[in-house]
$ cat data-v3.txt   # compact mmCIF, C-alpha atoms
# COMPACT_ATOMS: atom_id res chain seq x y z
CA MET A 402 21.64 -12.48 0.99
CA SER A 403 23.65 -15.49 2.04
CA SER A 404 22.37 -15.53 5.60
CA ALA A 405 18.68 -15.76 4.63
CA PRO A 406 17.07 -18.87 6.18
CA ALA A 407 14.90 -21.24 4.15
CA PRO A 408 11.30 -19.92 4.29
CA GLY A 409 9.02 -21.74 6.69
CA SER A 410 11.86 -23.69 8.30
CA ALA A 411 11.90 -21.95 11.68
CA PRO A 412 9.74 -23.38 14.49
CA ALA A 413 7.25 -21.03 16.14
CA GLY A 414 8.57 -19.21 19.19
CA LEU A 415 7.70 -16.05 21.08
CA THR A 416 9.26 -14.39 24.11
CA LEU A 417 7.20 -12.01 26.24
CA TRP A 418 8.42 -9.36 28.70
CA ASP A 419 6.14 -7.51 31.07
CA GLU A 420 7.88 -4.14 30.68
CA GLU A 421 8.87 -1.99 27.69
CA ASP A 422 12.25 -2.40 25.96
CA PHE A 423 12.57 -6.10 26.90
CA GLN A 424 12.77 -5.47 30.63
CA GLY A 425 11.11 -7.18 33.60
CA ARG A 426 9.74 -10.70 33.85
CA ARG A 427 10.21 -12.95 30.81
CA CYS A 428 8.10 -15.81 29.45
CA ARG A 429 8.95 -18.03 26.44
CA LEU A 430 6.14 -19.64 24.37
CA LEU A 431 6.66 -22.44 21.84
CA SER A 432 3.01 -23.36 21.12
CA ASP A 433 -0.57 -22.20 21.70
CA CYS A 434 -1.30 -20.41 24.95
CA ALA A 435 -4.98 -19.81 25.70
CA ASN A 436 -4.32 -17.49 28.62
CA VAL A 437 -0.86 -16.30 29.44
CA CYS A 438 -1.99 -15.21 32.92
CA GLU A 439 -3.68 -18.55 33.64
CA ARG A 440 -6.79 -16.66 34.62
CA GLY A 441 -10.18 -18.11 33.66
CA GLY A 442 -12.97 -16.50 31.66
CA LEU A 443 -13.56 -15.58 28.03
CA ARG A 444 -12.68 -12.22 26.50
CA LYS A 445 -13.41 -11.07 22.99
CA GLY A 446 -10.33 -9.09 22.32
CA GLN A 447 -8.43 -7.53 19.47
CA GLN A 448 -6.09 -9.70 17.43
CA PHE A 449 -2.55 -8.88 16.26
CA ILE A 450 -0.27 -10.62 13.78
CA LEU A 451 3.32 -10.75 15.04
CA GLU A 452 5.86 -11.38 12.31
CA LYS A 453 9.41 -12.28 13.35
CA GLY A 454 11.05 -9.22 14.90
CA ASP A 455 11.22 -7.00 17.97
CA TYR A 456 8.23 -5.20 19.48
CA PRO A 457 9.70 -2.91 22.14
CA ARG A 458 6.35 -1.37 23.24
CA TRP A 459 2.62 -1.77 22.70
CA ASN A 460 2.35 0.56 19.71
CA ALA A 461 4.65 -1.74 17.71
CA TRP A 462 1.92 -4.40 17.48
CA SER A 463 -1.25 -2.32 17.82
CA GLY A 464 -2.20 -1.30 14.30
CA SER A 465 -5.85 -0.24 14.47
CA GLY A 466 -5.61 3.38 15.56
CA GLY A 467 -6.97 4.37 18.90
CA HIS A 468 -6.90 1.06 20.73
CA HIS A 469 -4.22 1.10 23.40
CA SER A 470 -3.70 -2.68 23.67
CA ASP A 471 -0.88 -3.38 26.06
CA GLN A 472 -2.60 -6.43 27.52
CA LEU A 473 -2.05 -9.52 25.36
CA LEU A 474 -3.54 -12.63 26.97
CA SER A 475 -3.53 -15.44 24.42
CA PHE A 476 -1.19 -16.52 21.64
CA ARG A 477 -1.00 -19.08 18.86
CA PRO A 478 1.32 -19.75 15.91
CA VAL A 479 0.05 -18.98 12.38
CA LEU A 480 0.02 -22.24 10.42
CA CYS A 481 1.86 -22.79 7.14
CA GLY A 482 2.80 -19.22 6.25
CA ASN A 483 4.81 -19.40 3.02
CA HIS A 484 5.66 -16.15 1.26
CA SER A 485 6.68 -17.74 -2.04
CA ASP A 486 3.83 -20.27 -2.30
CA SER A 487 0.56 -18.69 -1.20
CA CYS A 488 -2.72 -18.79 -3.08
CA VAL A 489 -6.21 -17.60 -2.14
CA THR A 490 -9.47 -17.20 -4.09
CA LEU A 491 -11.97 -14.47 -3.21
CA PHE A 492 -15.64 -14.93 -4.18
CA GLU A 493 -18.30 -12.26 -4.54
CA GLY A 494 -21.06 -14.44 -3.01
CA ASP A 495 -21.49 -16.89 -0.17
CA ASN A 496 -20.53 -20.56 -0.67
CA PHE A 497 -17.90 -19.82 -3.36
CA GLN A 498 -20.45 -18.39 -5.81
CA GLY A 499 -20.33 -15.40 -8.18
CA CYS A 500 -17.41 -13.44 -9.56
CA LYS A 501 -14.08 -14.74 -8.26
CA PHE A 502 -10.43 -13.74 -8.22
CA GLU A 503 -7.36 -15.85 -7.50
CA LEU A 504 -4.44 -14.11 -5.78
CA SER A 505 -0.85 -15.15 -5.15
CA ASP A 506 0.55 -11.71 -4.27
CA ASP A 507 -0.09 -8.99 -1.68
CA TYR A 508 -2.71 -6.35 -2.52
CA PRO A 509 -2.78 -3.17 -0.42
CA SER A 510 -5.95 -2.14 -2.27
CA LEU A 511 -8.50 -4.59 -3.68
CA PRO A 512 -10.41 -1.66 -5.29
CA SER A 513 -7.21 -0.78 -7.20
CA MET A 514 -7.01 -4.17 -8.80
CA GLY A 515 -10.60 -4.06 -9.98
CA TRP A 516 -12.55 -5.79 -7.20
CA ALA A 517 -15.79 -3.80 -7.58
CA SER A 518 -17.42 -4.52 -4.20
CA LYS A 519 -16.33 -3.35 -0.74
CA ASP A 520 -17.19 -6.81 0.52
CA VAL A 521 -16.04 -10.38 -0.04
CA GLY A 522 -18.67 -13.11 0.27
CA SER A 523 -16.53 -16.21 0.75
CA ILE A 524 -12.85 -17.22 0.63
CA LYS A 525 -10.90 -20.37 -0.22
CA VAL A 526 -7.21 -20.62 0.75
CA SER A 527 -5.33 -23.07 -1.49
CA SER A 528 -1.89 -22.60 0.06
CA GLY A 529 -0.05 -20.57 2.66
CA ALA A 530 -1.56 -18.20 5.20
CA TRP A 531 -3.04 -14.75 4.58
CA VAL A 532 -4.10 -11.71 6.54
CA ALA A 533 -7.15 -9.86 5.18
CA TYR A 534 -8.00 -6.32 6.34
CA GLN A 535 -11.17 -4.26 6.52
CA TYR A 536 -9.64 -1.15 4.91
CA PRO A 537 -7.06 -0.44 2.17
CA GLY A 538 -3.39 -0.26 3.16
CA TYR A 539 -3.56 -3.11 5.71
CA ARG A 540 -5.71 -1.13 8.13
CA GLY A 541 -8.71 -1.83 10.32
CA TYR A 542 -9.83 -5.21 11.62
CA GLN A 543 -7.68 -8.07 10.42
CA TYR A 544 -8.49 -11.73 9.81
CA VAL A 545 -6.06 -14.65 9.63
CA LEU A 546 -6.86 -17.11 6.85
CA GLU A 547 -4.81 -20.33 6.96
CA ARG A 548 -4.79 -23.29 4.58
CA ASP A 549 -4.30 -25.76 7.43
CA ARG A 550 -7.15 -24.58 9.67
CA HIS A 551 -10.77 -25.41 8.75
CA GLY A 552 -9.49 -26.69 5.40
CA GLY A 553 -8.86 -23.10 4.33
CA GLU A 554 -12.59 -22.59 3.58
CA PHE A 555 -14.68 -19.61 4.71
CA ARG A 556 -18.21 -19.99 3.30
CA THR A 557 -19.73 -16.76 4.61
CA TYR A 558 -18.38 -13.56 6.11
CA SER A 559 -19.43 -14.84 9.55
CA GLU A 560 -16.61 -17.39 9.24
CA PHE A 561 -13.93 -14.72 8.75
CA GLY A 562 -15.31 -11.23 9.39
CA THR A 563 -16.00 -11.89 13.04
CA GLN A 564 -14.79 -8.61 14.46
CA ALA A 565 -16.48 -6.05 12.21
CA HIS A 566 -19.53 -8.30 11.60
CA THR A 567 -19.36 -7.46 7.89
CA GLY A 568 -17.65 -8.98 4.87
CA GLN A 569 -15.81 -5.73 4.19
CA LEU A 570 -12.29 -6.57 2.95
CA GLN A 571 -10.17 -4.02 1.08
CA SER A 572 -6.59 -5.32 1.39
CA ILE A 573 -4.93 -8.70 1.74
CA ARG A 574 -1.36 -9.96 2.18
CA ARG A 575 0.60 -13.17 2.66
CA VAL A 576 2.13 -14.15 5.99
CA GLN A 577 5.86 -14.43 5.47
CA GLN A 578 6.68 -17.65 7.34
CA MET B 945 -10.53 -10.45 -13.45
CA SER B 946 -11.60 -8.86 -16.70
CA SER B 947 -12.43 -5.50 -15.18
CA ALA B 948 -8.97 -4.97 -13.65
CA PRO B 949 -7.45 -1.70 -14.91
CA ALA B 950 -3.90 -1.52 -16.24
CA PRO B 951 -1.61 -0.79 -13.26
CA GLY B 952 -0.47 2.80 -13.00
CA SER B 953 -2.91 4.06 -15.61
CA ALA B 954 -5.29 5.96 -13.33
CA PRO B 955 -4.59 9.64 -12.64
CA ALA B 956 -4.30 10.69 -9.00
CA GLY B 957 -7.53 11.85 -7.41
CA LEU B 958 -8.87 12.17 -3.89
CA THR B 959 -12.24 13.31 -2.56
CA LEU B 960 -12.53 14.59 1.01
CA TRP B 961 -15.64 14.89 3.17
CA ASP B 962 -15.72 16.72 6.49
CA GLU B 963 -18.00 14.20 8.21
CA GLU B 964 -17.95 10.40 8.65
CA ASP B 965 -19.55 8.08 6.09
CA PHE B 966 -19.04 10.50 3.19
CA GLN B 967 -21.37 13.17 4.57
CA GLY B 968 -21.06 16.93 4.84
CA ARG B 969 -18.91 19.29 2.76
CA ARG B 970 -16.95 17.75 -0.12
CA CYS B 971 -13.64 18.72 -1.71
CA ARG B 972 -11.99 17.07 -4.74
CA LEU B 973 -8.17 17.09 -5.14
CA LEU B 974 -6.32 16.20 -8.34
CA SER B 975 -2.80 17.25 -7.37
CA ASP B 976 -0.66 18.38 -4.42
CA CYS B 977 -2.40 20.41 -1.74
CA ALA B 978 -0.10 21.95 0.87
CA ASN B 979 -2.92 22.99 3.17
CA VAL B 980 -6.47 21.94 2.54
CA CYS B 981 -7.78 24.61 4.94
CA GLU B 982 -5.70 27.36 3.27
CA ARG B 983 -4.35 28.29 6.68
CA GLY B 984 -0.72 29.33 6.98
CA GLY B 985 1.99 27.87 9.19
CA LEU B 986 4.05 24.69 9.28
CA ARG B 987 3.06 21.57 11.19
CA LYS B 988 5.07 18.41 11.61
CA GLY B 989 2.31 15.86 11.49
CA GLN B 990 1.80 12.18 11.02
CA GLN B 991 1.74 10.77 7.49
CA PHE B 992 -0.70 8.27 6.01
CA ILE B 993 -0.63 6.31 2.75
CA LEU B 994 -4.05 6.21 1.12
CA GLU B 995 -4.41 3.43 -1.43
CA LYS B 996 -7.44 3.53 -3.73
CA GLY B 997 -10.56 2.78 -1.68
CA ASP B 998 -13.05 4.14 0.83
CA TYR B 999 -12.08 5.52 4.24
CA PRO B 1000 -15.38 6.10 6.05
CA ARG B 1001 -13.84 7.37 9.32
CA TRP B 1002 -10.49 8.36 10.79
CA ASN B 1003 -9.51 4.91 12.05
CA ALA B 1004 -9.50 3.61 8.46
CA TRP B 1005 -6.36 5.61 7.66
CA SER B 1006 -4.74 5.93 11.10
CA GLY B 1007 -2.51 2.90 11.51
CA SER B 1008 -0.08 3.77 14.30
CA GLY B 1009 -2.10 2.85 17.38
CA GLY B 1010 -3.06 5.56 19.78
CA HIS B 1011 -2.96 8.61 17.51
CA HIS B 1012 -6.48 9.86 16.86
CA SER B 1013 -5.75 11.67 13.60
CA ASP B 1014 -8.98 13.00 12.17
CA GLN B 1015 -7.37 16.23 10.98
CA LEU B 1016 -5.64 15.78 7.62
CA LEU B 1017 -4.27 19.07 6.29
CA SER B 1018 -2.00 18.34 3.34
CA PHE B 1019 -2.04 15.83 0.50
CA ARG B 1020 0.14 14.74 -2.40
CA PRO B 1021 0.06 11.88 -4.93
CA VAL B 1022 2.64 9.09 -4.58
CA LEU B 1023 4.78 9.07 -7.73
CA CYS B 1024 5.21 6.05 -9.99
CA GLY B 1025 3.75 3.29 -7.81
CA ASN B 1026 3.91 0.08 -9.86
CA HIS B 1027 3.09 -3.17 -8.11
CA SER B 1028 4.52 -5.43 -10.80
CA ASP B 1029 7.74 -3.49 -11.46
CA SER B 1030 9.22 -2.26 -8.18
CA CYS B 1031 12.81 -2.63 -7.08
CA VAL B 1032 14.66 -1.27 -4.04
CA THR B 1033 18.10 -1.96 -2.56
CA LEU B 1034 18.71 -1.72 1.19
CA PHE B 1035 22.24 -1.05 2.46
CA GLU B 1036 23.63 -1.73 5.93
CA GLY B 1037 25.73 1.46 5.99
CA ASP B 1038 25.42 5.11 4.97
CA ASN B 1039 26.15 6.12 1.37
CA PHE B 1040 25.24 2.73 -0.11
CA GLN B 1041 28.03 0.89 1.74
CA GLY B 1042 28.16 -2.50 3.47
CA CYS B 1043 25.94 -5.54 3.18
CA LYS B 1044 23.08 -4.97 0.73
CA PHE B 1045 19.86 -6.66 -0.33
CA GLU B 1046 17.77 -6.08 -3.46
CA LEU B 1047 14.00 -6.49 -3.10
CA SER B 1048 11.20 -6.70 -5.64
CA ASP B 1049 8.50 -8.08 -3.34
CA ASP B 1050 6.75 -7.09 -0.11
CA TYR B 1051 8.37 -8.15 3.16
CA PRO B 1052 6.27 -7.95 6.35
CA SER B 1053 9.38 -8.89 8.33
CA LEU B 1054 12.94 -8.01 7.30
CA PRO B 1055 14.31 -10.07 10.25
CA SER B 1056 12.50 -13.13 8.79
CA MET B 1057 14.32 -12.86 5.51
CA GLY B 1058 17.72 -12.66 7.16
CA TRP B 1059 18.37 -8.93 7.50
CA ALA B 1060 20.44 -9.10 10.68
CA SER B 1061 20.20 -5.47 11.84
CA LYS B 1062 17.15 -3.60 13.13
CA ASP B 1063 18.33 -0.61 11.12
CA VAL B 1064 18.90 0.26 7.47
CA GLY B 1065 21.71 2.70 6.69
CA SER B 1066 20.80 3.86 3.19
CA ILE B 1067 18.32 3.02 0.44
CA LYS B 1068 18.29 3.18 -3.36
CA VAL B 1069 14.95 2.87 -5.21
CA SER B 1070 15.46 1.60 -8.79
CA SER B 1071 11.78 1.47 -9.77
CA GLY B 1072 8.32 1.98 -8.37
CA ALA B 1073 7.39 3.42 -5.00
CA TRP B 1074 7.73 1.75 -1.60
CA VAL B 1075 6.54 2.24 1.95
CA ALA B 1076 9.02 1.26 4.67
CA TYR B 1077 7.91 0.80 8.29
CA GLN B 1078 9.61 1.03 11.67
CA TYR B 1079 8.21 -2.29 12.97
CA PRO B 1080 7.37 -5.71 11.47
CA GLY B 1081 3.89 -6.22 9.98
CA TYR B 1082 3.67 -2.73 8.42
CA ARG B 1083 3.45 -0.99 11.80
CA GLY B 1084 4.90 2.12 13.38
CA TYR B 1085 6.22 5.16 11.55
CA GLN B 1086 6.11 4.84 7.79
CA TYR B 1087 8.29 6.37 5.07
CA VAL B 1088 7.43 6.82 1.40
CA LEU B 1089 10.34 6.01 -0.93
CA GLU B 1090 9.75 6.96 -4.58
CA ARG B 1091 11.94 6.43 -7.63
CA ASP B 1092 10.89 9.76 -9.13
CA ARG B 1093 11.58 11.97 -6.12
CA HIS B 1094 15.18 12.84 -5.15
CA GLY B 1095 16.34 10.28 -7.74
CA GLY B 1096 15.19 7.50 -5.41
CA GLU B 1097 18.36 7.91 -3.28
CA PHE B 1098 18.42 8.09 0.53
CA ARG B 1099 22.06 8.29 1.67
CA THR B 1100 21.49 8.33 5.44
CA TYR B 1101 18.59 7.56 7.75
CA SER B 1102 18.05 11.28 8.18
CA GLU B 1103 16.84 11.34 4.56
CA PHE B 1104 14.11 8.77 5.18
CA GLY B 1105 13.69 8.07 8.91
CA THR B 1106 12.56 11.57 9.71
CA GLN B 1107 9.76 10.74 12.11
CA ALA B 1108 11.42 8.26 14.48
CA HIS B 1109 14.88 9.87 14.07
CA THR B 1110 16.41 6.40 13.67
CA GLY B 1111 17.13 4.11 10.75
CA GLN B 1112 14.97 1.37 12.25
CA LEU B 1113 13.12 -0.40 9.42
CA GLN B 1114 11.58 -3.83 9.89
CA SER B 1115 9.05 -4.16 7.07
CA ILE B 1116 8.68 -2.83 3.54
CA ARG B 1117 6.06 -3.05 0.80
CA ARG B 1118 5.34 -1.79 -2.70
CA VAL B 1119 2.74 0.89 -3.42
CA GLN B 1120 0.17 -0.64 -5.73
CA GLN B 1121 -0.40 2.16 -8.25

$ encode --input "data-v3.txt" --output "structure tokens"
Amino acid sequence: MSSAPAPGSAPAGLTLWDEEDFQGRRCRLLSDCANVCERGGLRKGQQFILEKGDYPRWNAWSGSGGHHSDQLLSFRPVLCGNHSDSCVTLFEGDNFQGCKFELSDDYPSLPSMGWASKDVGSIKVSSGAWVAYQYPGYRGYQYVLERDRHGGEFRTYSEFGTQAHTGQLQSIRRVQQ
Amino acid sequence: MSSAPAPGSAPAGLTLWDEEDFQGRRCRLLSDCANVCERGGLRKGQQFILEKGDYPRWNAWSGSGGHHSDQLLSFRPVLCGNHSDSCVTLFEGDNFQGCKFELSDDYPSLPSMGWASKDVGSIKVSSGAWVAYQYPGYRGYQYVLERDRHGGEFRTYSEFGTQAHTGQLQSIRRVQQ
């Protein structure tokens, strides 16, 4: 397609509206935003990955069935997503020990490609950015794994599996750009 | 990984349990099952893609936020999924007309790769099986597109976009096996 942009070339940008179908008040973000409402306090909330595109109502970004999340309070760009140059190594044990597997493609089912355990012990991202999911088919809790944050190293599940409090990972995919 | 099976070699199989965490009554399926309860009647329900793996409770398969779908009544295998040999062509217009784009990789965002429209007019699957989604990031209604069913041809959105009743497609991925 002649109109395809060079991957990774677009700067991060996100426009928010406070009503469905791009109606109501508008807010444009170009970098991290810790609290879009400028209200204090810490919340442990659910996390969503927003690829380039339109999200006309809450169910377009809310992927983990049953959580009606129409209140998004903080935002940040994913670093160094690169669909054509992404590499990650999964390890069976903590601290990059045990059986390992190097991936450079999306896998909707780790059990299908022979990963015997439900869990992953540690992860090293060599390039690009990845999203790992608790269940097959890109379902359940999701974890962003970026080369350019924390050196791409996750030594135990507590460094990536912070929402489910387990190392259960059954699908993984690259972030496009 | 030495234990990885050859892609596409495993026969279809699915085991159901009627309670969470693989408890309660068990039922093993090896082929299509129009109604697992053997009750009559037609329902237009939501559809889920189940890659190889464990689904310990309903939210592991239910990906379109807000629908608590713990009642699955019919099942069928996806034909000819092949992660390493999948090809699909998207067309802007009906009947394979207009601007087109041939894909052999997963795309979590069609807008990111330069597809200018929110919609897809028609689709031709040359090999493998694909899942196309209404929203970016593999979210929203999902449509299974198989080479070996209906010749892999979808001439209008009414032949694939049957749940949302639009041709809106913003992400697409291969079925692994």

$ residues_near_point --input "data-v3.txt" --point "(11.2, 1.8, 7.8)" --cutoff "9 Å" --atoms "all atoms listed in the file" --output "PyMOL selection string"
chain B and resi 1063-1064+1075-1079+1082+1084-1088+1104-1105+1111-1116

$ residues_around --input "data-v3.txt" --residues "Phe555 (chain A)" --least-positions-apart "2" --cutoff "12 Å" --atoms "all atoms listed in the file" --output "JSON, numbers by chain"
{"A": [489, 490, 491, 492, 494, 495, 496, 497, 521, 522, 523, 524, 525, 526, 527, 544, 545, 546, 547, 548, 550, 551, 552, 553, 557, 558, 559, 560, 561, 562, 563, 568]}

$ atom_distance --input "data-v3.txt" --atom1 "CA of Asp976 (chain B)" --atom2 "CA of His1109 (chain B)"
25.6 Å

$ calpha_fit_and_write --input "data-v3.txt" --fixed "chain A" --moving "chain B" --output "compact mmCIF listing (two decimals) with C-alpha atoms, in the frame of the given file"
# COMPACT_ATOMS: atom_id res chain seq x y z
CA MET B 945 21.55 -12.45 1.06
CA SER B 946 23.55 -15.49 2.05
CA SER B 947 22.29 -15.59 5.61
CA ALA B 948 18.59 -15.75 4.64
CA PRO B 949 16.96 -18.85 6.17
CA ALA B 950 14.80 -21.20 4.12
CA PRO B 951 11.21 -19.89 4.30
CA GLY B 952 8.97 -21.78 6.69
CA SER B 953 11.82 -23.69 8.30
CA ALA B 954 11.87 -21.95 11.68
CA PRO B 955 9.73 -23.38 14.49
CA ALA B 956 7.26 -21.03 16.15
CA GLY B 957 8.58 -19.21 19.19
CA LEU B 958 7.70 -16.06 21.08
CA THR B 959 9.27 -14.40 24.11
CA LEU B 960 7.21 -12.02 26.25
CA TRP B 961 8.43 -9.37 28.68
CA ASP B 962 6.15 -7.52 31.08
CA GLU B 963 7.90 -4.16 30.68
CA GLU B 964 8.90 -2.00 27.69
CA ASP B 965 12.27 -2.43 25.96
CA PHE B 966 12.56 -6.12 26.89
CA GLN B 967 12.78 -5.50 30.64
CA GLY B 968 11.14 -7.18 33.60
CA ARG B 969 9.74 -10.72 33.85
CA ARG B 970 10.21 -12.97 30.82
CA CYS B 971 8.11 -15.83 29.46
CA ARG B 972 8.95 -18.05 26.46
CA LEU B 973 6.15 -19.66 24.38
CA LEU B 974 6.65 -22.45 21.85
CA SER B 975 3.03 -23.34 21.12
CA ASP B 976 -0.56 -22.20 21.70
CA CYS B 977 -1.27 -20.41 24.96
CA ALA B 978 -4.95 -19.80 25.71
CA ASN B 979 -4.28 -17.48 28.63
CA VAL B 980 -0.81 -16.31 29.46
CA CYS B 981 -1.92 -15.20 32.94
CA GLU B 982 -3.61 -18.57 33.65
CA ARG B 983 -6.76 -16.69 34.60
CA GLY B 984 -10.11 -18.16 33.63
CA GLY B 985 -12.90 -16.57 31.62
CA LEU B 986 -13.50 -15.66 27.99
CA ARG B 987 -12.67 -12.28 26.48
CA LYS B 988 -13.41 -11.10 22.97
CA GLY B 989 -10.32 -9.06 22.31
CA GLN B 990 -8.44 -7.51 19.47
CA GLN B 991 -6.09 -9.68 17.42
CA PHE B 992 -2.56 -8.87 16.27
CA ILE B 993 -0.27 -10.61 13.78
CA LEU B 994 3.30 -10.74 15.05
CA GLU B 995 5.84 -11.37 12.31
CA LYS B 996 9.39 -12.27 13.37
CA GLY B 997 11.02 -9.21 14.92
CA ASP B 998 11.22 -6.99 17.99
CA TYR B 999 8.22 -5.20 19.50
CA PRO B 1000 9.68 -2.91 22.17
CA ARG B 1001 6.34 -1.37 23.26
CA TRP B 1002 2.61 -1.77 22.71
CA ASN B 1003 2.34 0.58 19.73
CA ALA B 1004 4.64 -1.72 17.72
CA TRP B 1005 1.92 -4.37 17.50
CA SER B 1006 -1.25 -2.27 17.82
CA GLY B 1007 -2.20 -1.23 14.31
CA SER B 1008 -5.85 -0.19 14.49
CA GLY B 1009 -5.56 3.42 15.61
CA GLY B 1010 -6.96 4.40 18.94
CA HIS B 1011 -6.88 1.06 20.76
CA HIS B 1012 -4.20 1.11 23.44
CA SER B 1013 -3.68 -2.65 23.67
CA ASP B 1014 -0.85 -3.37 26.05
CA GLN B 1015 -2.58 -6.42 27.52
CA LEU B 1016 -2.04 -9.51 25.37
CA LEU B 1017 -3.52 -12.62 26.97
CA SER B 1018 -3.53 -15.43 24.42
CA PHE B 1019 -1.18 -16.52 21.65
CA ARG B 1020 -1.02 -19.08 18.86
CA PRO B 1021 1.32 -19.74 15.92
CA VAL B 1022 0.04 -18.98 12.40
CA LEU B 1023 0.01 -22.25 10.44
CA CYS B 1024 1.86 -22.78 7.17
CA GLY B 1025 2.80 -19.20 6.26
CA ASN B 1026 4.81 -19.39 3.03
CA HIS B 1027 5.64 -16.14 1.28
CA SER B 1028 6.67 -17.72 -2.01
CA ASP B 1029 3.83 -20.25 -2.28
CA SER B 1030 0.55 -18.67 -1.19
CA CYS B 1031 -2.72 -18.80 -3.07
CA VAL B 1032 -6.21 -17.60 -2.13
CA THR B 1033 -9.45 -17.21 -4.09
CA LEU B 1034 -11.96 -14.48 -3.22
CA PHE B 1035 -15.62 -14.95 -4.18
CA GLU B 1036 -18.28 -12.27 -4.54
CA GLY B 1037 -21.04 -14.45 -3.03
CA ASP B 1038 -21.49 -16.92 -0.18
CA ASN B 1039 -20.53 -20.57 -0.69
CA PHE B 1040 -17.90 -19.85 -3.36
CA GLN B 1041 -20.44 -18.39 -5.82
CA GLY B 1042 -20.31 -15.41 -8.18
CA CYS B 1043 -17.39 -13.45 -9.57
CA LYS B 1044 -14.06 -14.76 -8.26
CA PHE B 1045 -10.42 -13.74 -8.23
CA GLU B 1046 -7.34 -15.86 -7.50
CA LEU B 1047 -4.43 -14.12 -5.77
CA SER B 1048 -0.84 -15.14 -5.16
CA ASP B 1049 0.55 -11.72 -4.26
CA ASP B 1050 -0.09 -8.98 -1.69
CA TYR B 1051 -2.70 -6.36 -2.53
CA PRO B 1052 -2.78 -3.16 -0.43
CA SER B 1053 -5.94 -2.14 -2.30
CA LEU B 1054 -8.49 -4.59 -3.71
CA PRO B 1055 -10.41 -1.66 -5.31
CA SER B 1056 -7.21 -0.78 -7.24
CA MET B 1057 -7.02 -4.18 -8.84
CA GLY B 1058 -10.62 -4.07 -10.01
CA TRP B 1059 -12.55 -5.79 -7.23
CA ALA B 1060 -15.78 -3.82 -7.61
CA SER B 1061 -17.41 -4.53 -4.23
CA LYS B 1062 -16.31 -3.36 -0.78
CA ASP B 1063 -17.19 -6.82 0.50
CA VAL B 1064 -16.04 -10.39 -0.06
CA GLY B 1065 -18.66 -13.13 0.25
CA SER B 1066 -16.51 -16.22 0.74
CA ILE B 1067 -12.85 -17.23 0.63
CA LYS B 1068 -10.91 -20.38 -0.23
CA VAL B 1069 -7.22 -20.62 0.77
CA SER B 1070 -5.33 -23.10 -1.47
CA SER B 1071 -1.88 -22.60 0.08
CA GLY B 1072 -0.07 -20.55 2.67
CA ALA B 1073 -1.57 -18.20 5.21
CA TRP B 1074 -3.04 -14.75 4.58
CA VAL B 1075 -4.12 -11.70 6.53
CA ALA B 1076 -7.15 -9.85 5.16
CA TYR B 1077 -8.01 -6.32 6.33
CA GLN B 1078 -11.18 -4.25 6.52
CA TYR B 1079 -9.64 -1.14 4.90
CA PRO B 1080 -7.06 -0.44 2.16
CA GLY B 1081 -3.38 -0.25 3.17
CA TYR B 1082 -3.56 -3.11 5.70
CA ARG B 1083 -5.73 -1.12 8.12
CA GLY B 1084 -8.73 -1.81 10.31
CA TYR B 1085 -9.84 -5.19 11.61
CA GLN B 1086 -7.69 -8.06 10.41
CA TYR B 1087 -8.50 -11.73 9.80
CA VAL B 1088 -6.07 -14.64 9.64
CA LEU B 1089 -6.87 -17.11 6.85
CA GLU B 1090 -4.83 -20.34 6.97
CA ARG B 1091 -4.79 -23.29 4.59
CA ASP B 1092 -4.30 -25.75 7.44
CA ARG B 1093 -7.15 -24.59 9.67
CA HIS B 1094 -10.77 -25.42 8.76
CA GLY B 1095 -9.48 -26.69 5.39
CA GLY B 1096 -8.85 -23.08 4.35
CA GLU B 1097 -12.59 -22.60 3.59
CA PHE B 1098 -14.68 -19.62 4.72
CA ARG B 1099 -18.20 -20.00 3.28
CA THR B 1100 -19.72 -16.77 4.61
CA TYR B 1101 -18.39 -13.55 6.10
CA SER B 1102 -19.43 -14.80 9.52
CA GLU B 1103 -16.62 -17.37 9.24
CA PHE B 1104 -13.94 -14.73 8.74
CA GLY B 1105 -15.31 -11.22 9.38
CA THR B 1106 -16.01 -11.87 13.02
CA GLN B 1107 -14.78 -8.59 14.44
CA ALA B 1108 -16.49 -6.03 12.19
CA HIS B 1109 -19.53 -8.29 11.58
CA THR B 1110 -19.36 -7.46 7.86
CA GLY B 1111 -17.64 -8.98 4.86
CA GLN B 1112 -15.81 -5.73 4.15
CA LEU B 1113 -12.29 -6.56 2.93
CA GLN B 1114 -10.17 -4.03 1.08
CA SER B 1115 -6.61 -5.32 1.38
CA ILE B 1116 -4.93 -8.70 1.72
CA ARG B 1117 -1.37 -9.95 2.19
CA ARG B 1118 0.59 -13.15 2.66
CA VAL B 1119 2.11 -14.15 6.00
CA GLN B 1120 5.84 -14.44 5.49
CA GLN B 1121 6.66 -17.64 7.39

$ residues_around --input "data-v3.txt" --residues "Ala461 (chain A)" --least-positions-apart "5" --cutoff "9 Å" --atoms "all atoms listed in the file" --output "number ranges by chain"
A: 455-456; B: 1008-1009, 1078-1081, 1083-1084

$ write_last_selection --input "data-v3.txt" --atoms "C-alpha atoms" --output "PDB file, keeping the file's coordinate frame"
ATOM      1  CA  ASP A 455      11.220  -7.000  17.970  1.00  0.00           C
ATOM      2  CA  TYR A 456       8.230  -5.200  19.480  1.00  0.00           C
TER       3      TYR A 456
ATOM      4  CA  SER B1008      -0.080   3.770  14.300  1.00  0.00           C
ATOM      5  CA  GLY B1009      -2.100   2.850  17.380  1.00  0.00           C
ATOM      6  CA  GLN B1078       9.610   1.030  11.670  1.00  0.00           C
ATOM      7  CA  TYR B1079       8.210  -2.290  12.970  1.00  0.00           C
ATOM      8  CA  PRO B1080       7.370  -5.710  11.470  1.00  0.00           C
ATOM      9  CA  GLY B1081       3.890  -6.220   9.980  1.00  0.00           C
ATOM     10  CA  ARG B1083       3.450  -0.990  11.800  1.00  0.00           C
ATOM     11  CA  GLY B1084       4.900   2.120  13.380  1.00  0.00           C
TER      12      GLY B1084
END
